[in-house]
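Trainee: Just passing along the structure, written as structure tokens.
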Amino acid sequence: MNQESTTERVITVTNRLGVHARPSAMLVQLANQFSSDLFVARDGEEEVNAKSIMGVMMLAAAKGTELHFRAVGADGAALLDALEILFQSNFSED
Amino acid sequence: MPATTMQSTAVQTVKVRQLLDAMSAEMHLRVVAGHAGIDRQITAAEVNRPGLALAGWYNYFAKHRLQVLGKVEIYYLRRLRADERKTCLRTLMKMRIPAFIVTRNYVPPQELIELSNAFNVPVIRCPGVTMRVVNKLSVWLEDQFAPSCQMHATLMEVYGVGVLIMGKAGVGKSECALSLVERGHILVADDVIKLRVCEGCLLTGYANPRIGHHMEIRGIGIINVQSLYGVKSVRMYKHIDFVVTLELWQEGVSYDRLGIDPQYIEMLGVRLPNVVIPVKPGRDIALLIETAAQNAKLKSLGFNVARSFNEQLLANMNYPAK
């Protein structure tokens, strides 16, 4: 049985161009600074590994998309906090 | 289930619309009535021929399945009086069946058209003979309802053998795939793979159409294998013959030295041989995977090299081989 804690959060994409290549790289780089595993899915779709650039880009998440993040591990909550700040900053684009 | 596997999902329902989108071109499906019911749900992976139900026996009627009207059903209906046709077809419609498929391009009875429009049950016509239509629909439905999941790994075809390369992020799966492609092998998918169980026992991996054959190589960035190595180096899906798990070489861990008793890994209920390859600078992983693939091919032809070598050894010791 998996004893690790799971934290979930829904984050909305707010930057104009959506999660294209550069935001994907920023997201993945941020996620890789934490030890928790991170998964992400669009509503109702299958999860992808959010520590993989290809996985994140596959979502093709446009502005307004709600992304369901699921972090598994001890620093999961901190990871999700950092992610929320990254999305709020619009990936320093707009 | 390995940690790199995402949540597995089994599809519970498919819409008639999805069937039309996927199979119309191949099977020449054409909706001739009940267009408004195109979003009806198919909740069973089999098809049914409703002969007995048309004749009035409704017990155990498989109402959740697609109803295929072939020669027998159509000629039976034609033989009935118009009011009888109406009564028996109305009874079927009321059971909320997903759709009718009429084979051999038979012209559906007028009552079927009228009732389908009234009850919003699609009637789909196609030219194929009934047996072929039933087979094609069954195969497609079985694929749709098969358990599937998405996973983080790399899938290659090496000498015709499907090799799923697993391992933690950063262990070198993508680099290994690249050097296999360079040696003339074929990339199916890197990073995001869709796995599906086909025919209940074959595990098949699919590339994601949105990603295609792009790969991310740390330090270089995103590359496109198809444009770099040509169309011969890529394919969209492949059934998986065995798994290679790459892990960092750990001192003190004993690795398989003989290959007589294979290890197995289970994914979506399918058991596959798992070759654990320890990674260490200077080890040519692509060469090791090529060797493992050829060995797997030999085994599938009935040659177990490790075992026959041992038998030879035992014979040399004048012991009877087991």
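The way I read the labels, and the way they are meant: chains A, B, ... in the order of the structure tokens, residue 1 as the first residue of every chain, and ligand 1 as the first ligand shown, with later ones counted on from there.
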Give as an mmCIF file with C-alpha atoms, in the first residue's frame every residue of chain B that touches chain A within 8 Å, counting only C-alpha atoms.

Mentor:
data_model
loop_
_atom_site.group_PDB
_atom_site.id
_atom_site.type_symbol
_atom_site.label_atom_id
_atom_site.label_comp_id
_atom_site.auth_asym_id
_atom_site.auth_seq_id
_atom_site.Cartn_x
_atom_site.Cartn_y
_atom_site.Cartn_z
ATOM 1 C CA MET B 6 -0.641 6.504 -14.661
ATOM 2 C CA GLN B 7 -4.081 5.530 -13.450
ATOM 3 C CA CYS B 149 -3.435 3.327 -19.320
ATOM 4 C CA GLN B 150 -0.860 5.921 -20.061
ATOM 5 C CA MET B 151 2.705 5.468 -18.951
ATOM 6 C CA HIS B 152 6.024 7.209 -18.880
ATOM 7 C CA ASP B 191 7.966 9.591 -22.886
ATOM 8 C CA VAL B 192 4.199 9.230 -23.202
ATOM 9 C CA ARG B 210 -0.229 15.023 -30.546
ATOM 10 C CA ILE B 211 3.420 14.275 -29.801
ATOM 11 C CA MET B 215 11.660 13.491 -28.386
ATOM 12 C CA GLU B 216 13.194 15.619 -25.713
#

Trainee: Write out as an MDAnalysis selection string each polymer residue whose atoms come within 9 Å of region 87-98 of chain B, counting only C-alpha atoms; drop sequence neighbours fewer than 3 positions from it.

Mentor: chainID B and resid 15:16 37:43 50 53:56 58 62:67 82:84 111:112 115:116 119:122

Trainee: Take the residues that were just selected and, keeping C-alpha atoms, output them as a PDB file, in the first residue's frame.

Mentor:
ATOM      1  CA  LYS B  15     -21.040   6.632 -28.354  1.00  0.00           C
ATOM      2  CA  VAL B  16     -22.511   5.629 -31.719  1.00  0.00           C
ATOM      3  CA  GLY B  37     -29.874   9.411 -31.605  1.00  0.00           C
ATOM      4  CA  ILE B  38     -26.292   9.542 -32.760  1.00  0.00           C
ATOM      5  CA  ASP B  39     -25.035  10.215 -29.229  1.00  0.00           C
ATOM      6  CA  ARG B  40     -26.609   7.052 -27.854  1.00  0.00           C
ATOM      7  CA  GLN B  41     -24.295   4.974 -25.694  1.00  0.00           C
ATOM      8  CA  ILE B  42     -23.068   1.494 -26.513  1.00  0.00           C
ATOM      9  CA  THR B  43     -22.339  -0.187 -23.180  1.00  0.00           C
ATOM     10  CA  PRO B  50     -31.889  -9.914 -32.804  1.00  0.00           C
ATOM     11  CA  ALA B  53     -36.315 -11.049 -30.328  1.00  0.00           C
ATOM     12  CA  LEU B  54     -37.956 -10.159 -33.638  1.00  0.00           C
ATOM     13  CA  ALA B  55     -39.769 -13.491 -33.421  1.00  0.00           C
ATOM     14  CA  GLY B  56     -41.082 -12.553 -29.979  1.00  0.00           C
ATOM     15  CA  TYR B  58     -37.348 -11.237 -25.411  1.00  0.00           C
ATOM     16  CA  ALA B  62     -28.939  -8.283 -25.239  1.00  0.00           C
ATOM     17  CA  LYS B  63     -30.423  -4.808 -25.470  1.00  0.00           C
ATOM     18  CA  HIS B  64     -27.182  -2.958 -24.641  1.00  0.00           C
ATOM     19  CA  ARG B  65     -25.492  -4.244 -27.774  1.00  0.00           C
ATOM     20  CA  LEU B  66     -25.496  -3.002 -31.340  1.00  0.00           C
ATOM     21  CA  GLN B  67     -28.217  -4.890 -33.208  1.00  0.00           C
ATOM     22  CA  ALA B  82     -46.886  -4.385 -41.892  1.00  0.00           C
ATOM     23  CA  ASP B  83     -48.682  -4.200 -38.533  1.00  0.00           C
ATOM     24  CA  GLU B  84     -46.672  -7.164 -37.199  1.00  0.00           C
ATOM     25  CA  GLU B 111     -41.553   0.765 -40.543  1.00  0.00           C
ATOM     26  CA  LEU B 112     -37.969   0.564 -39.278  1.00  0.00           C
ATOM     27  CA  LEU B 115     -39.923   4.080 -35.844  1.00  0.00           C
ATOM     28  CA  SER B 116     -36.193   4.898 -35.722  1.00  0.00           C
ATOM     29  CA  PHE B 119     -37.526   6.828 -31.145  1.00  0.00           C
ATOM     30  CA  ASN B 120     -34.211   8.392 -32.204  1.00  0.00           C
ATOM     31  CA  VAL B 121     -32.450   5.060 -32.703  1.00  0.00           C
ATOM     32  CA  PRO B 122     -29.863   5.352 -35.494  1.00  0.00           C
TER      33      PRO B 122
END

Trainee: List every residue of region 96-213 of chain B that DSSP, applied to the backbone, labels as strand (DSSP E or B), and write the result as a ChimeraX atom specification.

Mentor: /B:100-102,123-125,147-158,161-166,186-198,202-207

Trainee: Any chance you can output those residues with C-alpha atoms as an mmCIF file, in the first residue's frame?

Mentor:
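Result written to again_34.cif:
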data_model
loop_
_atom_site.group_PDB
_atom_site.id
_atom_site.type_symbol
_atom_site.label_atom_id
_atom_site.label_comp_id
_atom_site.auth_asym_id
_atom_site.auth_seq_id
_atom_site.Cartn_x
_atom_site.Cartn_y
_atom_site.Cartn_z
ATOM 1 C CA PHE B 100 -29.282 -0.935 -35.752
ATOM 2 C CA ILE B 101 -26.713 -1.965 -38.326
ATOM 3 C CA VAL B 102 -28.169 -3.161 -41.625
ATOM 4 C CA VAL B 123 -30.162 2.923 -38.396
ATOM 5 C CA ILE B 124 -26.777 2.471 -40.050
ATOM 6 C CA ARG B 125 -26.451 0.862 -43.462
ATOM 7 C CA PRO B 147 -8.311 -1.760 -20.308
ATOM 8 C CA SER B 148 -5.799 0.962 -21.076
ATOM 9 C CA CYS B 149 -3.435 3.327 -19.320
ATOM 10 C CA GLN B 150 -0.860 5.921 -20.061
ATOM 11 C CA MET B 151 2.705 5.468 -18.951
ATOM 12 C CA HIS B 152 6.024 7.209 -18.880
ATOM 13 C CA ALA B 153 8.446 4.998 -20.826
ATOM 14 C CA THR B 154 9.936 4.425 -24.281
ATOM 15 C CA LEU B 155 8.744 1.889 -26.822
ATOM 16 C CA MET B 156 11.011 0.573 -29.589
ATOM 17 C CA GLU B 157 10.859 -2.114 -32.216
ATOM 18 C CA VAL B 158 14.215 -3.891 -32.259
ATOM 19 C CA VAL B 161 10.616 -7.363 -31.291
ATOM 20 C CA GLY B 162 8.569 -4.853 -29.241
ATOM 21 C CA VAL B 163 10.718 -3.599 -26.362
ATOM 22 C CA LEU B 164 9.267 -1.353 -23.672
ATOM 23 C CA ILE B 165 12.068 0.551 -21.948
ATOM 24 C CA MET B 166 11.213 1.623 -18.413
ATOM 25 C CA ILE B 186 12.277 1.822 -34.988
ATOM 26 C CA LEU B 187 10.844 4.311 -32.502
ATOM 27 C CA VAL B 188 7.198 3.916 -31.539
ATOM 28 C CA ALA B 189 6.945 6.459 -28.741
ATOM 29 C CA ASP B 190 9.095 8.232 -26.234
ATOM 30 C CA ASP B 191 7.966 9.591 -22.886
ATOM 31 C CA VAL B 192 4.199 9.230 -23.202
ATOM 32 C CA ILE B 193 2.869 5.839 -24.241
ATOM 33 C CA LYS B 194 -0.677 4.635 -24.344
ATOM 34 C CA LEU B 195 -0.966 0.976 -23.406
ATOM 35 C CA ARG B 196 -3.932 -1.146 -24.307
ATOM 36 C CA VAL B 197 -4.695 -4.844 -23.958
ATOM 37 C CA CYS B 198 -5.648 -6.314 -27.315
ATOM 38 C CA LEU B 202 -1.521 -8.773 -26.120
ATOM 39 C CA LEU B 203 -0.214 -5.574 -24.621
ATOM 40 C CA THR B 204 0.052 -2.939 -27.325
ATOM 41 C CA GLY B 205 1.708 0.462 -27.025
ATOM 42 C CA TYR B 206 0.647 3.478 -29.069
ATOM 43 C CA ALA B 207 2.348 6.778 -29.824
#

Trainee: Give me the residues near region 286-301 of chain B as a PyMOL selection string, where near means some atom within 12 Å (using only C-alpha atoms) and where sequence neighbours in that chain fewer than 3 positions away do not count.

Mentor: chain B and resi 155-165+172-186+240-246+259-260+262+272-279+282-283+304-308

Trainee: Write to file, as a short mmCIF file (atom, residue, chain, number, x, y, z; two decimals), in the first residue's frame, the residues of the selection just made, with N, CA and C atoms.

Mentor:
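The result, stored in out-v1.cif:
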data_model
loop_
_atom_site.label_atom_id
_atom_site.label_comp_id
_atom_site.auth_asym_id
_atom_site.auth_seq_id
_atom_site.Cartn_x
_atom_site.Cartn_y
_atom_site.Cartn_z
N LEU B 155 9.06 3.13 -26.13
CA LEU B 155 8.74 1.89 -26.82
C LEU B 155 9.47 1.84 -28.16
N MET B 156 10.21 0.75 -28.37
CA MET B 156 11.01 0.57 -29.59
C MET B 156 10.66 -0.76 -30.24
N GLU B 157 10.87 -0.82 -31.54
CA GLU B 157 10.86 -2.11 -32.22
C GLU B 157 12.29 -2.43 -32.59
N VAL B 158 12.82 -3.52 -32.02
CA VAL B 158 14.22 -3.89 -32.26
C VAL B 158 14.22 -5.27 -32.93
N TYR B 159 14.69 -5.35 -34.15
CA TYR B 159 14.64 -6.59 -34.94
C TYR B 159 13.24 -7.19 -34.95
N GLY B 160 12.23 -6.33 -35.02
CA GLY B 160 10.86 -6.83 -35.06
C GLY B 160 10.26 -7.15 -33.69
N VAL B 161 11.08 -7.04 -32.64
CA VAL B 161 10.62 -7.36 -31.29
C VAL B 161 10.21 -6.06 -30.59
N GLY B 162 9.04 -6.04 -29.96
CA GLY B 162 8.57 -4.85 -29.24
C GLY B 162 9.19 -4.78 -27.86
N VAL B 163 10.00 -3.74 -27.63
CA VAL B 163 10.72 -3.60 -26.36
C VAL B 163 10.25 -2.33 -25.65
N LEU B 164 9.68 -2.50 -24.48
CA LEU B 164 9.27 -1.35 -23.67
C LEU B 164 10.39 -1.03 -22.69
N ILE B 165 10.95 0.17 -22.81
CA ILE B 165 12.07 0.55 -21.95
C ILE B 165 11.54 1.40 -20.80
N GLY B 172 18.22 7.61 -18.70
CA GLY B 172 18.77 7.54 -20.06
C GLY B 172 17.92 6.77 -21.06
N LYS B 173 16.60 6.74 -20.84
CA LYS B 173 15.71 6.01 -21.76
C LYS B 173 15.75 6.65 -23.15
N SER B 174 15.61 7.98 -23.19
CA SER B 174 15.53 8.66 -24.48
C SER B 174 16.85 8.54 -25.23
N GLU B 175 17.96 8.70 -24.53
CA GLU B 175 19.27 8.61 -25.17
C GLU B 175 19.47 7.22 -25.75
N CYS B 176 19.01 6.23 -24.99
CA CYS B 176 19.13 4.85 -25.42
C CYS B 176 18.28 4.62 -26.67
N ALA B 177 17.07 5.19 -26.68
CA ALA B 177 16.20 5.07 -27.85
C ALA B 177 16.87 5.69 -29.06
N LEU B 178 17.50 6.83 -28.85
CA LEU B 178 18.15 7.52 -29.96
C LEU B 178 19.27 6.67 -30.54
N SER B 179 20.04 6.03 -29.67
CA SER B 179 21.13 5.25 -30.25
C SER B 179 20.60 3.97 -30.90
N LEU B 180 19.46 3.48 -30.45
CA LEU B 180 18.85 2.34 -31.17
C LEU B 180 18.35 2.77 -32.55
N VAL B 181 17.76 3.97 -32.62
CA VAL B 181 17.29 4.47 -33.92
C VAL B 181 18.48 4.64 -34.86
N GLU B 182 19.57 5.14 -34.32
CA GLU B 182 20.78 5.36 -35.08
C GLU B 182 21.29 4.04 -35.67
N ARG B 183 21.04 2.94 -34.95
CA ARG B 183 21.46 1.61 -35.44
C ARG B 183 20.41 0.99 -36.36
N GLY B 184 19.37 1.76 -36.71
CA GLY B 184 18.41 1.26 -37.69
C GLY B 184 17.15 0.68 -37.10
N HIS B 185 16.95 0.80 -35.78
CA HIS B 185 15.72 0.29 -35.18
C HIS B 185 14.64 1.36 -35.20
N ILE B 186 13.45 0.98 -34.75
CA ILE B 186 12.28 1.82 -34.99
C ILE B 186 11.70 2.36 -33.68
N ILE B 240 3.94 -5.37 -27.38
CA ILE B 240 5.14 -5.41 -26.55
C ILE B 240 5.50 -6.86 -26.23
N ASP B 241 6.73 -7.25 -26.55
CA ASP B 241 7.17 -8.61 -26.28
C ASP B 241 7.85 -8.73 -24.93
N PHE B 242 8.67 -7.73 -24.59
CA PHE B 242 9.26 -7.77 -23.26
C PHE B 242 9.65 -6.38 -22.79
N VAL B 243 9.95 -6.30 -21.51
CA VAL B 243 10.26 -5.02 -20.87
C VAL B 243 11.73 -4.99 -20.51
N VAL B 244 12.37 -3.85 -20.76
CA VAL B 244 13.72 -3.64 -20.25
C VAL B 244 13.62 -2.56 -19.18
N THR B 245 14.06 -2.86 -17.98
CA THR B 245 14.07 -1.84 -16.94
C THR B 245 15.50 -1.37 -16.73
N LEU B 246 15.73 -0.09 -17.01
CA LEU B 246 17.06 0.47 -16.78
C LEU B 246 17.12 0.99 -15.36
N GLY B 259 20.13 -15.84 -16.87
CA GLY B 259 18.97 -15.70 -17.75
C GLY B 259 18.21 -17.01 -17.91
N ILE B 260 18.39 -17.93 -16.95
CA ILE B 260 17.65 -19.20 -17.04
C ILE B 260 16.22 -19.02 -16.53
N PRO B 262 13.57 -16.33 -16.05
CA PRO B 262 13.28 -14.94 -16.33
C PRO B 262 12.42 -14.28 -15.24
N LEU B 272 4.69 -9.95 -18.60
CA LEU B 272 5.74 -9.84 -19.62
C LEU B 272 7.09 -10.10 -18.99
N PRO B 273 8.03 -10.72 -19.75
CA PRO B 273 9.39 -10.88 -19.23
C PRO B 273 10.01 -9.51 -18.99
N ASN B 274 10.75 -9.38 -17.91
CA ASN B 274 11.37 -8.11 -17.56
C ASN B 274 12.88 -8.31 -17.41
N VAL B 275 13.64 -7.64 -18.26
CA VAL B 275 15.09 -7.73 -18.20
C VAL B 275 15.60 -6.47 -17.50
N VAL B 276 16.22 -6.64 -16.34
CA VAL B 276 16.73 -5.48 -15.62
C VAL B 276 18.17 -5.25 -16.05
N ILE B 277 18.43 -4.09 -16.64
CA ILE B 277 19.79 -3.79 -17.09
C ILE B 277 20.36 -2.65 -16.24
N PRO B 278 21.43 -2.94 -15.51
CA PRO B 278 22.05 -1.88 -14.72
C PRO B 278 22.86 -0.94 -15.62
N VAL B 279 22.68 0.35 -15.40
CA VAL B 279 23.33 1.35 -16.23
C VAL B 279 24.56 1.88 -15.50
N GLY B 282 30.07 3.69 -19.68
CA GLY B 282 30.88 2.73 -20.40
C GLY B 282 30.11 1.51 -20.85
N ARG B 283 28.90 1.29 -20.30
CA ARG B 283 28.10 0.16 -20.77
C ARG B 283 27.27 0.62 -21.96
N ASN B 304 16.35 -21.81 -25.88
CA ASN B 304 16.74 -21.11 -24.67
C ASN B 304 18.24 -21.36 -24.48
N VAL B 305 19.02 -20.34 -24.84
CA VAL B 305 20.47 -20.52 -24.89
C VAL B 305 21.03 -20.89 -23.53
N ALA B 306 20.57 -20.19 -22.49
CA ALA B 306 21.12 -20.45 -21.16
C ALA B 306 20.83 -21.89 -20.74
N ARG B 307 19.60 -22.33 -21.04
CA ARG B 307 19.22 -23.68 -20.62
C ARG B 307 19.98 -24.74 -21.42
N SER B 308 20.09 -24.54 -22.74
CA SER B 308 20.76 -25.59 -23.52
C SER B 308 22.25 -25.62 -23.21
#

Trainee: Write out as a list in words each polymer residue whose atoms come within 10 Å of Gln88 (chain A), counting only C-alpha atoms; drop sequence neighbours fewer than 4 positions from it.

Mentor: Ile11, Thr12, Val13, Thr14, Asn15, Ala82, Leu83, Glu84 and Ser92 of chain A

Trainee: Using C-alpha atoms, can you export the residues from the last selection as a PDB file, in the first residue's frame?

Mentor:
ATOM      1  CA  ILE A  11      -5.144  25.411 -11.442  1.00  0.00           C
ATOM      2  CA  THR A  12      -6.540  27.455 -14.334  1.00  0.00           C
ATOM      3  CA  VAL A  13      -4.304  28.512 -17.214  1.00  0.00           C
ATOM      4  CA  THR A  14      -4.404  32.326 -17.390  1.00  0.00           C
ATOM      5  CA  ASN A  15      -1.619  33.310 -19.790  1.00  0.00           C
ATOM      6  CA  ALA A  82       5.060  26.970  -6.165  1.00  0.00           C
ATOM      7  CA  LEU A  83       3.116  25.838  -9.232  1.00  0.00           C
ATOM      8  CA  GLU A  84       0.215  28.129  -8.395  1.00  0.00           C
ATOM      9  CA  SER A  92       6.377  35.990 -17.102  1.00  0.00           C
TER      10      SER A  92
END

Trainee: Ranking A:Ile85, A:Glu93, A:Leu79, A:Val19 by minimum distance to Gln33 (chain A) and counting only C-alpha atoms, which one comes first?

Mentor: A:Leu79

Trainee: Would you mind listing what lies within 9 Å of Asp43 (chain A) as a list in words, with only C-alpha atoms counted and same-chain residues fewer than 5 positions away left out?

Mentor: Thr65, Glu66, Leu67 and His68 of chain A

Trainee: If you run DSSP on the backbone, which residues of chain A are alpha helix (DSSP H), as a PyMOL selection string?

Mentor: chain A and resi 21-31+53-58+76-88

Trainee: Deliver the residues from the most recent selection as a file, using N, CA and C atoms, as a compact mmCIF listing (two decimals), in the first residue's frame.

Mentor:
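Below is the file part_39.txt, written as the result:
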# COMPACT_ATOMS: atom_id res chain seq x y z
N ALA A 21 5.47 25.51 -25.47
CA ALA A 21 6.77 24.91 -25.17
C ALA A 21 7.47 25.56 -23.96
N ARG A 22 7.59 26.90 -23.99
CA ARG A 22 8.36 27.55 -22.93
C ARG A 22 7.72 27.38 -21.53
N PRO A 23 6.41 27.63 -21.40
CA PRO A 23 5.80 27.37 -20.09
C PRO A 23 5.93 25.91 -19.66
N SER A 24 5.83 24.98 -20.62
CA SER A 24 5.98 23.56 -20.26
C SER A 24 7.34 23.32 -19.64
N ALA A 25 8.38 23.90 -20.27
CA ALA A 25 9.74 23.70 -19.76
C ALA A 25 9.86 24.30 -18.35
N MET A 26 9.24 25.48 -18.15
CA MET A 26 9.33 26.11 -16.82
C MET A 26 8.62 25.24 -15.78
N LEU A 27 7.46 24.71 -16.17
CA LEU A 27 6.69 23.88 -15.24
C LEU A 27 7.48 22.63 -14.86
N VAL A 28 8.06 21.99 -15.87
CA VAL A 28 8.78 20.74 -15.63
C VAL A 28 10.04 21.00 -14.80
N GLN A 29 10.72 22.11 -15.10
CA GLN A 29 11.92 22.42 -14.34
C GLN A 29 11.59 22.68 -12.87
N LEU A 30 10.47 23.38 -12.65
CA LEU A 30 10.04 23.64 -11.27
C LEU A 30 9.70 22.31 -10.58
N ALA A 31 8.94 21.47 -11.26
CA ALA A 31 8.50 20.21 -10.66
C ALA A 31 9.69 19.34 -10.29
N ILE A 53 8.46 16.95 -20.15
CA ILE A 53 8.07 18.05 -21.03
C ILE A 53 7.06 17.58 -22.05
N MET A 54 7.33 16.43 -22.67
CA MET A 54 6.43 15.91 -23.70
C MET A 54 5.04 15.67 -23.12
N GLY A 55 5.00 15.13 -21.90
CA GLY A 55 3.72 14.88 -21.26
C GLY A 55 2.92 16.16 -21.10
N VAL A 56 3.58 17.20 -20.61
CA VAL A 56 2.90 18.47 -20.34
C VAL A 56 2.45 19.11 -21.65
N MET A 57 3.31 19.05 -22.67
CA MET A 57 2.96 19.69 -23.94
C MET A 57 1.80 18.96 -24.61
N MET A 58 1.72 17.65 -24.34
CA MET A 58 0.66 16.87 -24.94
C MET A 58 -0.72 17.34 -24.51
N GLY A 76 4.73 17.60 -1.50
CA GLY A 76 3.70 17.81 -2.51
C GLY A 76 2.98 19.15 -2.37
N ALA A 77 2.63 19.53 -1.15
CA ALA A 77 1.90 20.78 -0.95
C ALA A 77 2.75 21.98 -1.34
N ALA A 78 4.04 21.94 -0.97
CA ALA A 78 4.95 23.03 -1.32
C ALA A 78 5.09 23.13 -2.83
N LEU A 79 5.14 21.97 -3.50
CA LEU A 79 5.25 21.94 -4.95
C LEU A 79 4.03 22.59 -5.60
N LEU A 80 2.86 22.25 -5.08
CA LEU A 80 1.63 22.82 -5.66
C LEU A 80 1.55 24.33 -5.41
N ASP A 81 2.03 24.77 -4.21
CA ASP A 81 2.07 26.23 -3.94
C ASP A 81 2.94 26.93 -4.98
N ALA A 82 4.13 26.36 -5.21
CA ALA A 82 5.06 26.97 -6.16
C ALA A 82 4.47 26.99 -7.57
N LEU A 83 3.75 25.92 -7.91
CA LEU A 83 3.12 25.84 -9.23
C LEU A 83 2.08 26.93 -9.40
N GLU A 84 1.28 27.14 -8.33
CA GLU A 84 0.21 28.13 -8.40
C GLU A 84 0.82 29.51 -8.64
N ILE A 85 1.94 29.79 -7.96
CA ILE A 85 2.60 31.09 -8.16
C ILE A 85 3.09 31.21 -9.61
N LEU A 86 3.63 30.11 -10.15
CA LEU A 86 4.12 30.12 -11.53
C LEU A 86 2.98 30.43 -12.51
N PHE A 87 1.84 29.77 -12.30
CA PHE A 87 0.70 30.02 -13.20
C PHE A 87 0.18 31.44 -13.04
N GLN A 88 0.17 31.94 -11.76
CA GLN A 88 -0.32 33.31 -11.52
C GLN A 88 0.58 34.34 -12.18

Trainee: Give me the residues within 6 Å of Ala71 (chain A) as a PyMOL selection string, counting only C-alpha atoms and dropping any in the same chain fewer than 6 places off.

Mentor: chain A and resi 6-7+37-38

Trainee: Take the residues from that selection and put them in a file with N, CA and C atoms, as a PDB file, in the first residue's frame.

Mentor:
ATOM      1  N   THR A   6      -0.914  12.302  -0.759  1.00  0.00           N
ATOM      2  CA  THR A   6      -1.315  12.841  -2.056  1.00  0.00           C
ATOM      3  C   THR A   6      -2.005  14.182  -1.852  1.00  0.00           C
ATOM      4  N   THR A   7      -1.590  15.174  -2.613  1.00  0.00           N
ATOM      5  CA  THR A   7      -2.223  16.490  -2.550  1.00  0.00           C
ATOM      6  C   THR A   7      -2.737  16.811  -3.947  1.00  0.00           C
ATOM      7  N   ASP A  37       6.336  13.112  -6.730  1.00  0.00           N
ATOM      8  CA  ASP A  37       5.905  12.878  -8.110  1.00  0.00           C
ATOM      9  C   ASP A  37       4.752  13.818  -8.410  1.00  0.00           C
ATOM     10  N   LEU A  38       4.677  14.262  -9.658  1.00  0.00           N
ATOM     11  CA  LEU A  38       3.603  15.181 -10.025  1.00  0.00           C
ATOM     12  C   LEU A  38       2.914  14.682 -11.287  1.00  0.00           C
TER      13      LEU A  38
END

Trainee: To one decimal in Å, tell me the separation between CA of Val47 (chain B) and CA of Leu137 (chain B).

Mentor: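 Atom-to-atom, CA of Val47 (chain B) and CA of Leu137 (chain B) are spaced 7.3 Å apart.
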
Trainee: Quick one: of B:Val129, B:Ile222, B:Leu228, B:Val32, who's nearest to Gln110 (chain B), counting only C-alpha atoms?

Mentor: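 Ranked by minimum distance to Gln110 (chain B), first place goes to B:Val32.
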
Trainee: When distances are computed from only C-alpha atoms, which of A:His20, A:Asn90, A:Ser35, A:Gly73 shows the smallest separation from Ala61 (chain A)?

Mentor: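 Of A:His20, A:Asn90, A:Ser35, A:Gly73, the one nearest Ala61 (chain A), counting only C-alpha atoms, is A:His20.
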
Trainee: So the first atom is CA of Gly128 (chain B) and the second is CA of Ile74 (chain B); what is the distance between them in Å, to one decimal place?

Mentor: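 It comes out at 14.6 Å.
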